[in-house]
Structures are given as C-alpha cells and as structure tokens.
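A.B. asks: Pasting in a structure now, in structure tokens, and then I'll have a few things to ask.
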Amino acid sequence: MPIITLPDGSQRSFDTPITVLDLATSIGTGLAKATLAGKVNGNLVDATYSIDTNATVAIITRRDPEALDLLRHDAAHVMAQAVQEIYPDTQVTIGPAIENGFYYDFARETPFTTKDLELIESKMREIVKRNLPIKREIWDRNAAKELFAKHGEHYKVQIIEDIIPESEEVSIYRQGEWFDVCRGPHLPNTSYLGNGFKLTKVAGAYWRGDSNNAMLQRIYGTAWRDTKELKTYLHQLEEAEKRDHRKLGRTLDLFHIQEEAPGMAFWHDKGWQIYLQLQDYIRNKLKKHGYREVHTPQIIDRTLWERSGHWDKFRQEMFITETEDKIFAIKPMNCPGHIQIYNQGIKSHRDLPLRLAEFGSCHRNEPSGTLHGLMRIRNFVQDDAHIFCTEEQILPEVKAFMELLFEVYKDFGFDEVILAFSTRPEKRVGDDALWDKAEQALETALNQTGLNWKLQPGEGAFYGPKIEFSLRDCLSRIWQLGTIQLDFSMPGRLGATYVAEDNSRKTPVMLHRAILGSIERFIGILIEHYAGALPLWLVPVQAMLMTITNNQDQYCQQIAQRLTQQGLRVELDLRNEKIGYKIREHSLARIPYLLVVGEREQANNTLAVRTRSGENLGTMSIDQLLELLVHENTARLVKNPSYSI
RNA sequence: GCCGGUGUAGCUCAGUAGGUAGAGCAACUGAUUCGUAAUCAGUAGGUCAGCGGUUCAAAUCCGCUCAUCGGCUCCA
C-alpha cells in the first residue's frame, strides 16, 4: 500500500493506511512524542491524518518553522474555550494565527477589560494542563449548522453558510467539551501549547472587516515555543518602543504635535534641519532625472475638484475655506494643479514625457482614529511628481522610476522594502487593452527588480493599476512610502491633450509617483530605523565640541569656525560641567561626533574624537578630522543603524 | 469614523474611605575648572486636558467635549 518518502529521501512502505503519528512511532518513540502534525505532499495535516497513498511526508515537531503557526492557532482555540467557560454569553467568530501570535474575535455585549485578560490567561493555562485531546470530526454541512445554531453560535452558522466553500468538507475540532468549526490542522493535545503565550491587548474589530457590520471584541495574544522565546519577544517589543519616532521626536527636540492642530507637526529647528536636508537631496535627484519643479496654489476653487472627481469622492476628507460666495478646497493633492500647468499652451508628442515635480503642502482631513505621529498626519509634503506620457512611454518611464527609487532607498540603507502590485478593480475606467498594457508594464518593471512582490488583485484604483513600496516601523506596522500609479482618467477629465505624430489630438497617460512619499512619514521611518541616530549628512548637529575647562574656550571657538566653514553643522559646549556629563548628554542626543578638547589637545593643536556609540577614535589633527567628516558627509555614508546605550 | 484604554510640573511617573498636590530628571541660582555616559547645595515650578454636575468639600464620583495610545475601517 502506501510507500512513504521521508525528507532525507529514505522510503518506507506499509501494508495498510498509516497515520502521521504511527509513521513517527515507526521511526522512533521519541519522534512520536514530539510530533505535532505532519506535512503530506506539502500540505499541513493533523497527526491523526491517515495516509493511504504514496506520499512525501515530513513529521512536524516544535523545531519546525510550521510549529509556530500551529501553536498560535491552537492558542486562539484555547483562548476561545477559556473565554466561553468564563463568559458563557459570548459567541465565537474567527481566530487565526498571525505574525508573532494570534487573535480571536468574540461577539459579546460587554467589552473585555485588561483584568479580564488576566483571568482568561489563567483559565487558558488551566485548559493546557487539562491535557485535552484535540479531535477532528467531519460533519454534514446542514447538521453542523444545526449544531451551532442550537448552541446560539450564529456567527459560526454564517461562516459555514458564507465562508466555507461548498466543495470543502466541514470539519469540527473538539477539545474536551468545547468545539469549533475549523479547517485545521491542530496540535494533538492542548498540553502541547505549553506556557510560551501571553494575551496582549483588546480591541474592536468589525465582523468580516466591514465597517457596516457589528463591532466585535478582539483579543490579541502572542505565542511561542517556550517561555524563553516569549520573553525574548517581549523584550524586543520593549526595545522597539524606545525607537518610537513620537518619543524620539520629543526627546531629540525634532518636532511636536499639540491639541490645537491635531495631525499636524510643529517642526523645531533640529527636525526642520532634517526636513530641509532630505528635501534638498531629493530635489537634486529629481532634477538630475529630468523632472521640472513647479509650484501650484494652496487653495483652489471647488469647481476644479468637482471636475477632477475628488469633490464627489473625498469631500469629507477635504478642508475647505470660504470667502464671499466661493468655496475653496485646501489642496489634498497636487495633480489637478499640475494638469493646469500642462494645459497651458499646446503640447506635442515631442514634449512628452513631461515630468512635473512639486513639494506642495497638502492637507487631508484624515479620520481622527487613524492619526499616528508623523506616519499618518493631516498636513504633509510629498516628493510628488506627475509624468505625462504616451501609452508607449509607460514601460520605460516605470522602469526609470523604479531604478531611481531603489537608488534613493539604498542611499538611506533601506533593504527590506515591501512591494505590492495592485491590478484592475471591477469598477474602472479605460478599456481592457489599455489596462493590459499598463499592468504588463508594471509587472515587467517589477520582475526586473529581482525582488519578491505581492499581487493584490482588484486592489488598483478605478483609474489605473499601481505599485506600492512600503517599509515597517519599529513595531512592525507597514507604511507605504513610494508609489507609482497609472491614471487613465484625470487627464481626460481635466482636458489634457497632446498632438500626436499623425496630427490627431490624444489624451496623455498620467503617472502619479513618489519615492519618499510624505517627507513627514519618511522622517518618522528614518527615526525608527536608526533609533534616532541618523546618518551624518541628515543629522541636525553633526559634531559637538566640548571643553574640559574654560581655558580651552577660545581654542574651541576657532576650531568650530573652521569646521563650520567647511559646511559642517557644529555646536559648542563650553559649560562648566564635567566631561562625563557632557558626553552622556550629547551621546543621548545622538550627535555623531563628540570632540573633546583639553589642555593636551590645545597644546598639540589636536582634538580627541569619540562617536555617539562610544567608539574612541583617538586624537587627531583638525585636518584629519575634517577629511573624515567632510567625506562621510558629502558621500552621504550610511553606517550600521545599531545604536545602543 | 467605530471599539477600548489613558490625560497630574518641561519629561517619566506617585497620589490608596472625596478633606484644596508629591518624587526623580530637566530648569534656575551658587559653589566647584574637573580627561570620556550623571559634581554638590539651594530655589522655583501645577486652573490635576476642558466644560458642566453631585457634595460643606472633587485630581479622586457622574455626564459631555477634546486630545492621545492600541486595534478595526479608510487612505485620492
């Protein structure tokens, strides 16, 4: 009967169908004990799964990467059981494993509190100790619906009706008295979950992710192989919180946000220095790559927004201002303005591609619940540009853009860029031939990067497909920075045309694109990526000159002048404080170079150089220091982002 | 916008039957002139987010509003 091929290539044959667990036993009792599940021909299955045909099989133990998902999914089930034992009036809905943990959504009138979490968690530990075997049962669809209806689990009935495809069998997993409809697989026994889990937070979540539906109570948890792994993870979280740009923004005196202007940053001089540096950098990049910088009005009459289609769709998210009889919108984006510039005079195909860039300040009235430091803000400036081109120019323009984008990201030391490709939605403008061409162009460009990218079918805008380039913040949340979006709609709506080779009037294609995205968000990501210890060329104060005693004041001032003349941003600390105190303070302020001047240095015309991370570079002449700093500054060197104290 | 948490000095946080606020750091003043991550002493600093209510009395109890944090939805 079944011949089973194991991962090492060895084969075993059996006379009768054999379960994963029995297979493991035949290899060794130790392995049998460690068996969590199996992988049969690449599909994860329960340990009790019976193999009746030839197959490639791997035994999954705690050490396998798949184990974590199993543990986490089980943790969700055990949590649901615990919740229903403590609060019988609660209905269960769904509870998947997620990155680093799991959650379960419950339907219950009273929201859970933090205290409830402790209760639930200890009940979970009790259930783990109960050592309950987890068993899979196959049910008839209608019988399963009746079962859950009888128990008042109306959400589960809906899941069986709407979510589980007709082609799939309905499986129910049982642990003790408790059961749940679930695809599985699961661990053999609740005790296999162990102790490496913790409930972390409660939150609201809409049923089936739709804001028109009821709000459920979601409990999040994290789960690991053992308590040691759990502890490591929790420690990492604590460390990550120290990098939070909102916290560092305050302690490093970069910016603040206050009640009277929610979602809008007050940039302090130090933060603004970073802002300007960044803008200067990208402005020069764009110029070199054939972009022309323009500037359009901050407020524009609503009629233009009506024509562009924004008024219909985004009226609620636009700030408006009125004067006399007119209503103006404070611009939420630059593109309609750029089309106005494009429309001045007659454009020929010879003018294309035309790339218009603008660092325009945009305002969007983002819903209050979505604001998040600099990452999601109501007033921002993008490194925005619009490329007007012919259909034939789409591919070369997209390619050139992607090259430029990765060149820029490399300059900042970002290597883990997340790429997502969103294709045509159901409701769209433009004919399919055009979409074919556009999607093909984006996909070709994507494949040429050699990087992985995620397809998001149907997620494109109604006016065209798009690629998004995202990075993670210190807590692993994903934020979009760059994007390139094709637009088949707006140029037509706003009357943009060009004269083609055959003398006919055609509508150009417009590409919306940004690399940094909003400068605000980009700075937020930078701060978290570098834990505030930004590369030399971006940092507000590049070097701090400090004296041992007041006798070196004059000498120090002379050095500062020389460094400043070379374009370096240098400050003096002549305070009557001990050198240890000064070093601590400026190290905490993440100033890259700490320059100490005492009697010895003054006598020899030198400085003692130390970095913010505590590295002692020894004593050097001012020329040597200048060479070091000027090179690092003008070459925009990026160093290892590790910073610790 | 929705669900839940939080809001006390510049920052981080105490404040326990309701009886008109406290620490550390920072700031300021003075002393100390010192060699690589915190020198000592003193001083000052608060409409307890805002508005309203209960009470002889509210940071504390109740209501509303705002902001903020964590999720969800949304993101041109």
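How things are named: the first chain in the structure tokens is A, the next is B, and so on; residues count from 1 in each chain; ligands count from 1 in the order shown.
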Output as a tab-separated table one row per residue of chain B within 12 Å of chain A: the closest atom pair and its distance in Å to one decimal place, counting only C-alpha atoms (C1' of nucleotides), sorted by chain and residue number ascending.
C.D. replies:
```
residue	atom	partner	partner_atom	distance
B:G1	C1'	A:Pro367	CA	6.1
B:C2	C1'	A:Met215	CA	7.5
B:C3	C1'	A:Gly204	CA	4.1
B:G4	C1'	A:Ala203	CA	5.9
B:G5	C1'	A:Thr114	CA	8.8
B:G7	C1'	A:Glu259	CA	11.9
B:G10	C1'	A:Arg250	CA	10.7
B:C11	C1'	A:Thr251	CA	8.2
B:U12	C1'	A:Thr251	CA	11.6
B:A26	C1'	A:Thr251	CA	11.4
B:A31	C1'	A:Asn576	CA	11.7
B:U32	C1'	A:Asn576	CA	9.0
B:U33	C1'	A:Thr549	CA	5.2
B:C34	C1'	A:Lys578	CA	5.8
B:G35	C1'	A:Ile548	CA	6.8
B:U36	C1'	A:Gly580	CA	5.8
B:A37	C1'	A:Arg584	CA	3.9
B:A38	C1'	A:Tyr581	CA	5.8
B:U39	C1'	A:Lys578	CA	7.6
B:A49	C1'	A:Glu259	CA	9.4
B:G50	C1'	A:Glu259	CA	11.3
B:C66	C1'	A:Glu259	CA	7.8
B:A67	C1'	A:Glu259	CA	5.4
B:U68	C1'	A:Glu259	CA	9.0
B:C69	C1'	A:His372	CA	9.4
B:G70	C1'	A:Ala203	CA	7.2
B:G71	C1'	A:Ala203	CA	4.6
B:C72	C1'	A:Ala205	CA	4.3
B:U73	C1'	A:Ser211	CA	5.3
B:C74	C1'	A:Pro367	CA	7.9
B:C75	C1'	A:Glu366	CA	7.8
B:A76	C1'	A:His310	CA	6.9
```
A.B. asks: Assign secondary structure with DSSP using the backbone only, and return the residues of segment 411-599 of chain A in helix (DSSP H, G or I) as an MDAnalysis selection string.
C.D. replies: chainID A and resid 411 432:449 490:493 519:529 550:565 579:588 599
A.B. asks: Give me the residues within 6 Å of segment 48-56 of chain A as number ranges by chain, counting only C-alpha atoms (C1' of nucleotides) and dropping any in the same chain fewer than 5 places off.
C.D. replies: A: 2-6, 17-20, 40-41
A.B. asks: Keeping C-alpha atoms, export the residues of the selection given above as a PDB file, in the first residue's frame.
C.D. replies:
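Here's the written file selection_25.pdb:
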```pdb
ATOM      1  CA  PRO A   2       1.455   3.437   0.770  1.00  0.00           C
ATOM      2  CA  ILE A   3       5.138   3.992   0.114  1.00  0.00           C
ATOM      3  CA  ILE A   4       6.249   6.963   2.128  1.00  0.00           C
ATOM      4  CA  THR A   5       9.213   9.122   1.217  1.00  0.00           C
ATOM      5  CA  LEU A   6      10.775  10.978   4.131  1.00  0.00           C
ATOM      6  CA  PRO A  17      -3.029   3.167   5.547  1.00  0.00           C
ATOM      7  CA  ILE A  18      -0.983   4.745   8.304  1.00  0.00           C
ATOM      8  CA  THR A  19      -1.416   7.883  10.375  1.00  0.00           C
ATOM      9  CA  VAL A  20       1.288  10.512  10.646  1.00  0.00           C
ATOM     10  CA  VAL A  40       1.884  15.265   3.426  1.00  0.00           C
ATOM     11  CA  ASN A  41       2.864  16.237  -0.109  1.00  0.00           C
TER      12      ASN A  41
END
```
A.B. asks: Find the residues near C64 of chain B: any atom within 12 Å, counting only C-alpha atoms (C1' of nucleotides), skip ones fewer than 5 places away on the same chain, and give them as an MDAnalysis selection string.
C.D. replies: chainID B and resid 50:53
A.B. asks: Neighbouring residues of Ile299 of chain A were defined as those with any atom within 9 Å, considering only C-alpha atoms (C1' of nucleotides); residues of the same chain fewer than 4 positions away were excluded. Please report them as number ranges by chain.
C.D. replies: A: 320-321, 328-331
A.B. asks: Go ahead and save the picked residues with N, CA and C atoms, as a CSV table (one decimal), in the first residue's frame.
C.D. replies:
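Here's the written file selection00.csv:
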```
chain,number,residue,atom,x,y,z
A,320,ILE,N,-12.0,72.8,3.8
A,320,ILE,CA,-12.4,73.9,2.9
A,320,ILE,C,-12.4,75.2,3.5
A,321,THR,N,-12.4,76.3,2.7
A,321,THR,CA,-12.4,77.6,3.2
A,321,THR,C,-13.3,78.4,2.3
A,328,PHE,N,-13.6,77.2,-1.5
A,328,PHE,CA,-12.3,76.7,-1.9
A,328,PHE,C,-11.9,75.4,-1.2
A,329,ALA,N,-11.2,74.6,-1.8
A,329,ALA,CA,-10.6,73.4,-1.1
A,329,ALA,C,-9.1,73.7,-0.8
A,330,ILE,N,-8.7,73.4,0.4
A,330,ILE,CA,-7.2,73.5,0.6
A,330,ILE,C,-6.7,72.2,0.0
A,331,LYS,N,-5.7,72.3,-0.9
A,331,LYS,CA,-5.4,71.1,-1.7
A,331,LYS,C,-5.0,69.9,-1.0
```
A.B. asks: Need to verify the contact set: U29 of chain B, 10 Å, only C-alpha atoms (C1' of nucleotides), exclusion of same-chain residues closer than 3 positions in sequence. Can you return it as a list in words?
C.D. replies: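 Selected residues are G42, U43 and A44 of chain B.
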A.B. asks: As an MDAnalysis selection string, please: every residue in segment 426-504 of chain A that a backbone DSSP assignment puts in strand (DSSP E).
C.D. replies: chainID A and resid 454:456 466:472 478:487 498:499
A.B. asks: Store the residues picked out above in a file with N, CA, C and O atoms, as a compact mmCIF listing (two decimals), in the first residue's frame.
C.D. replies:
```
# COMPACT_ATOMS: atom_id res chain seq x y z
N LYS A 454 4.11 41.29 -3.95
CA LYS A 454 2.84 40.67 -3.63
C LYS A 454 1.79 41.20 -4.59
O LYS A 454 1.68 42.40 -4.81
N LEU A 455 1.04 40.28 -5.16
CA LEU A 455 -0.04 40.67 -6.07
C LEU A 455 -1.29 40.96 -5.25
O LEU A 455 -1.68 40.18 -4.38
N GLN A 456 -1.91 42.10 -5.52
CA GLN A 456 -3.18 42.43 -4.85
C GLN A 456 -4.23 42.59 -5.93
O GLN A 456 -4.50 43.70 -6.39
N LYS A 466 -1.42 50.10 -9.80
CA LYS A 466 -0.36 50.80 -9.06
C LYS A 466 0.59 49.83 -8.39
O LYS A 466 0.25 48.67 -8.14
N ILE A 467 1.78 50.33 -8.11
CA ILE A 467 2.74 49.60 -7.29
C ILE A 467 2.98 50.44 -6.04
O ILE A 467 3.08 51.67 -6.13
N GLU A 468 3.05 49.77 -4.90
CA GLU A 468 3.34 50.49 -3.66
C GLU A 468 4.61 49.92 -3.04
O GLU A 468 4.84 48.72 -3.08
N PHE A 469 5.42 50.81 -2.49
CA PHE A 469 6.67 50.42 -1.86
C PHE A 469 6.56 50.78 -0.38
O PHE A 469 6.37 51.95 -0.04
N SER A 470 6.64 49.78 0.49
CA SER A 470 6.39 50.01 1.90
C SER A 470 7.55 49.56 2.77
O SER A 470 8.35 48.73 2.37
N LEU A 471 7.58 50.13 3.97
CA LEU A 471 8.57 49.73 4.98
C LEU A 471 7.83 49.51 6.29
O LEU A 471 6.71 49.97 6.47
N ARG A 472 8.50 48.82 7.21
CA ARG A 472 7.91 48.57 8.52
C ARG A 472 8.41 49.58 9.54
O ARG A 472 9.56 50.00 9.49
N ILE A 478 3.21 48.26 8.83
CA ILE A 478 3.67 48.56 7.48
C ILE A 478 3.13 49.91 7.02
O ILE A 478 1.94 50.19 7.17
N TRP A 479 4.03 50.76 6.49
CA TRP A 479 3.63 52.08 5.99
C TRP A 479 4.10 52.22 4.56
O TRP A 479 5.25 51.94 4.25
N GLN A 480 3.22 52.72 3.72
CA GLN A 480 3.60 52.95 2.33
C GLN A 480 4.42 54.23 2.19
O GLN A 480 4.07 55.27 2.73
N LEU A 481 5.55 54.13 1.49
CA LEU A 481 6.35 55.32 1.22
C LEU A 481 6.20 55.69 -0.26
O LEU A 481 5.54 56.64 -0.61
N GLY A 482 6.82 54.89 -1.12
CA GLY A 482 6.78 55.20 -2.53
C GLY A 482 5.59 54.59 -3.22
O GLY A 482 4.95 53.67 -2.70
N THR A 483 5.26 55.11 -4.39
CA THR A 483 4.18 54.53 -5.18
C THR A 483 4.33 55.00 -6.62
O THR A 483 4.91 56.05 -6.88
N ILE A 484 3.84 54.19 -7.51
CA ILE A 484 3.66 54.68 -8.88
C ILE A 484 2.30 54.20 -9.34
O ILE A 484 1.96 53.02 -9.21
N GLN A 485 1.49 55.14 -9.77
CA GLN A 485 0.12 54.82 -10.14
C GLN A 485 -0.15 55.34 -11.54
O GLN A 485 0.14 56.49 -11.83
N LEU A 486 -0.72 54.49 -12.35
CA LEU A 486 -1.11 54.92 -13.69
C LEU A 486 -2.50 55.52 -13.60
O LEU A 486 -3.33 55.04 -12.85
N ASP A 487 -2.72 56.56 -14.37
CA ASP A 487 -4.01 57.24 -14.32
C ASP A 487 -4.54 57.46 -15.73
O ASP A 487 -3.98 58.23 -16.49
N TYR A 498 -2.49 66.09 -26.26
CA TYR A 498 -1.27 66.44 -26.99
C TYR A 498 -1.51 66.13 -28.46
O TYR A 498 -2.41 65.36 -28.82
N VAL A 499 -0.69 66.73 -29.31
CA VAL A 499 -0.81 66.50 -30.74
C VAL A 499 0.12 65.36 -31.11
O VAL A 499 1.33 65.43 -30.88
```
A.B. asks: Record the distance separating atom CA of Leu278 of chain A and atom CA of Gly290 of chain A, expressed in Å with one decimal.
C.D. replies: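 The value is 18.8 Å.
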A.B. asks: So how far away is atom CA of Lys247 of chain A from atom C1' of G45 of chain B, in Å?
C.D. replies: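 Atom-to-atom, atom C1' of G45 of chain B and atom CA of Lys247 of chain A are spaced 23.5 Å apart.
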A.B. asks: Interatomic distance between atom CA of Gly373 of chain A and atom CA of Asn334 of chain A?
C.D. replies: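 Atom CA of Asn334 of chain A lies 22.9 Å from atom CA of Gly373 of chain A.
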